[in-house]
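Colleague: Starting off with a structure, shown below.
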Amino acid sequence: MIIIGEKINGSIPIVAKAIAERDSEFIKERARIQAAANATFIDCCASVPEAEEVETLKWMIDCIQEVTDLPISVDSPSPAVLAEVFSYCKRPGLINSVSMEGDKIDNIFPLIADTEWNVIALCSDDTGIPKTAEDRLRVFNNIMAKAKEYGIKPSRIYIDPLVEMLCTSEDGIAMNVEVISTVRKQYPDIHIVAAVSNISFNLPMRKYVNLGFTVLAMNAGLDSGILDPTNRDMLGLIYATEALLGQDDYCMEYIGAYRDGLFSKPEAK
């Protein structure tokens, strides 16, 4: 599974404090521990006013790149900020994110078309977040038409079906499963990503809901997650689910991750 480490995000109070105080060691340590936990990308989100965002993201990217060569997921709601910052990274990473809202895609897709950058695309448009699987798939089809127009292969796109709070859903994750499985059938090479913890907002013992969602979503075709790679329970579950789905020949990845201590309990000191 492709893991986008979520721990450097200004929406987290302790991270916001470090950003405000320009505590570079804090940001570096969060990058180090996610790299050590085998994250694929390090997400970098400032969550500051847009006027401060470019300078702040460049500082955060510098901190991350000082301690790891992992590609960065440059995270901002502003296409103008993304357009200015993404080329500051030393190696191609992940643009997070675009959608069919306004001209976001038409601003970002031309910039990355002839590069090796990948992009997260949300299944939303000017009407907001669609309420049905049918409407989310309609937005998805529009995204793919734009991708074809700009020559961006499906393998460079991470489709986000937009996971919302379980506690406000009348049918569990049925809509997400329908969107994920349909996208996977139509485009076997595309990536499908979810912000896993969104599912459990406002619920007690959130980790159990997150774990259950991850298994079911992976079974439907999810291959990427924005999550905490240092969460041993989650890592163990991901490796086990991949093995159960036949995505890990002879369980070698599962065994290797256990031996490397990615999800085994640390030895007592």
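Going by the structure tokens order, chains are called A, B, ..., each with residues numbered from 1, while ligands are numbered from 1 in the order shown.
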Counting only C-alpha atoms, what is within 10 Å of A:Thr127, bar same-chain residues fewer than 2 positions away, as a list in words?

Modeller: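 Everything that qualifies: Met100, Glu101, Ser124, Asp125, Ile129 and Pro130 of chain A.
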
Colleague: Compile the contact shell of A:Ala39 as a list in words: residues with an atom at most 6 Å away, counting only C-alpha atoms, same-chain residues fewer than 2 positions apart removed.

Modeller: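 The residues that qualify are Ile3, Gly5, Gln34, Ala35, Ala37, Phe41 and Pro229 of chain A.
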
Colleague: As a list in words, please: the residues near A:Met175 (cut-off 7 Å, only C-alpha atoms, same-chain neighbours under 2 positions excluded).

Modeller: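 Contacts, in chain order: Thr132, Ala133, Ile173, Val177, Glu178 and Val179 of chain A.
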
Colleague: Among the residues of stretch 14-251 of chain A, find those DSSP assigns to alpha helix (DSSP H) from the backbone and print them as a PyMOL selection string.

Modeller: chain A and resi 14-20+24-36+50-67+79-85+104-112+133-150+174-186+206-220+232-244

Colleague: Which of these, A:Glu149, A:Glu134, A:Glu170, A:Asp43, has the shortest distance to A:Ser73 once you count only C-alpha atoms?

Modeller: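 Looking only at the distances to A:Ser73, the closest residue turns out to be A:Asp43.
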
Colleague: Hey, what's within 10 Å of A:Gly151 if we count only C-alpha atoms and toss same-chain stuff fewer than 6 positions away? As a list of chain:residue names, please?

Modeller: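 Counting only C-alpha atoms, the residues come to A:Phe109, A:Pro110, A:Ile112, A:Ala113, A:Asp114, A:Ala145.
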
Colleague: Taking only C-alpha atoms into account, which of A:Ala217, A:Tyr158, A:Ser197, A:Ala51 comes nearest A:Ala174?

Modeller: A:Ala217

Colleague: Would you mind listing what lies within 12 Å of A:Phe213 as a ChimeraX atom specification, with only C-alpha atoms counted and same-chain residues fewer than 3 positions away left out?

Modeller: /A:163-166,172-174,176-177,194-200,206-210,216-220,222,225,234,237-238,241

Colleague: For a test of reading the model, state the distance in Å between atom CA of A:Leu122 and atom CA of A:Val98, rounded to one decimal.

Modeller: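 Pair atom CA of A:Leu122 / atom CA of A:Val98 returns 6.2 Å.
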
Colleague: Find the residue from A:Gly102, A:Asp75, A:Met205, A:Leu111 that sits nearest to A:Ile152; use only C-alpha atoms when measuring.

Modeller: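 Between A:Gly102, A:Asp75, A:Met205, A:Leu111, the residue approaching A:Ile152 most closely is A:Leu111.
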
Colleague: Enter the distance from atom CA of A:Ser24 to atom CA of A:Asp228, in Å, rounded to one decimal.

Modeller: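 If I compute the distance from atom CA of A:Ser24 to atom CA of A:Asp228, I get 20.0 Å.
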
Colleague: Just the residues within 8 Å of A:Asp223, please, counting only C-alpha atoms, with nothing from its chain fewer than 4 positions along; format it as a PyMOL selection string.

Modeller: chain A and resi 1-2+191-193+218

Colleague: Write the residues of the selection above to a file with C-alpha atoms, as a PDB file, in the first residue's frame.

Modeller:
```pdb
ATOM      1  CA  MET A   1       0.000   0.000   0.000  1.00  0.00           C
ATOM      2  CA  ILE A   2       1.176   3.510  -0.781  1.00  0.00           C
ATOM      3  CA  HIS A 191      -4.383   4.934  -7.657  1.00  0.00           C
ATOM      4  CA  ILE A 192      -7.215   5.368  -5.183  1.00  0.00           C
ATOM      5  CA  VAL A 193      -6.465   7.217  -1.960  1.00  0.00           C
ATOM      6  CA  MET A 218      -8.601  -2.161   0.452  1.00  0.00           C
TER       7      MET A 218
END
```

Colleague: Would you kindly return, as an MDAnalysis selection string, each protein, DNA or RNA residue with an atom no farther than 8 Å from any atom of stretch 245-262 of chain A, considering only C-alpha atoms and excluding same-chain residues fewer than 2 positions away?

Modeller: chainID A and resid 37 219 230 232 235:236 239:243 264:266

Colleague: Please save N, CA and C atoms of the selected residues as a tab-separated table (two decimals), in the first residue's frame.

Modeller:
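Result file is part.tsv:
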```
chain	number	residue	atom	x	y	z
A	37	ALA	N	9.47	4.59	9.22
A	37	ALA	CA	8.31	3.69	9.24
A	37	ALA	C	7.87	3.27	7.84
A	219	ASN	N	-10.17	-3.98	0.25
A	219	ASN	CA	-10.85	-5.07	-0.46
A	219	ASN	C	-11.60	-4.55	-1.68
A	230	THR	N	3.52	5.57	11.60
A	230	THR	CA	4.12	5.06	12.83
A	230	THR	C	3.11	4.30	13.68
A	232	ARG	N	1.57	1.25	14.63
A	232	ARG	CA	1.91	-0.15	14.43
A	232	ARG	C	0.69	-1.01	14.15
A	235	LEU	N	-0.24	-0.40	10.50
A	235	LEU	CA	0.73	-1.00	9.59
A	235	LEU	C	0.58	-2.51	9.54
A	236	GLY	N	0.42	-3.15	10.70
A	236	GLY	CA	0.24	-4.59	10.73
A	236	GLY	C	-1.00	-5.01	9.97
A	239	TYR	N	-0.37	-4.70	6.07
A	239	TYR	CA	0.43	-5.80	5.54
A	239	TYR	C	-0.36	-7.11	5.54
A	240	ALA	N	-1.13	-7.35	6.60
A	240	ALA	CA	-1.93	-8.58	6.66
A	240	ALA	C	-3.01	-8.59	5.58
A	241	THR	N	-3.65	-7.46	5.37
A	241	THR	CA	-4.72	-7.38	4.37
A	241	THR	C	-4.16	-7.58	2.97
A	242	GLU	N	-3.01	-7.00	2.69
A	242	GLU	CA	-2.39	-7.22	1.37
A	242	GLU	C	-2.11	-8.70	1.15
A	243	ALA	N	-1.63	-9.38	2.18
A	243	ALA	CA	-1.36	-10.81	2.05
A	243	ALA	C	-2.66	-11.58	1.81
A	264	SER	N	5.60	-5.18	14.82
A	264	SER	CA	5.81	-6.00	16.00
A	264	SER	C	5.99	-5.08	17.21
A	265	LYS	N	5.69	-5.59	18.39
A	265	LYS	CA	5.86	-4.77	19.58
A	265	LYS	C	7.35	-4.60	19.87
A	266	PRO	N	7.76	-3.40	20.24
A	266	PRO	CA	9.19	-3.20	20.55
A	266	PRO	C	9.60	-4.05	21.74
```

Colleague: Please compute the atom CA of A:Pro154-atom CA of A:Ile190 distance, one decimal, in Å.

Modeller: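 Atom-to-atom, atom CA of A:Pro154 to atom CA of A:Ile190, that is 4.8 Å.
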
Colleague: Write out as an MDAnalysis selection string all residues of stretch 40-214 of chain A that backbone DSSP assigns to strand (DSSP E or B).

Modeller: chainID A and resid 41:45 72:75 94:100 118:125 128 157:160 191:195

Colleague: Which of these, A:Phe263, A:Phe26, A:Phe140, A:Tyr88, has the shortest distance to A:Ile72 once you count only C-alpha atoms?

Modeller: A:Tyr88
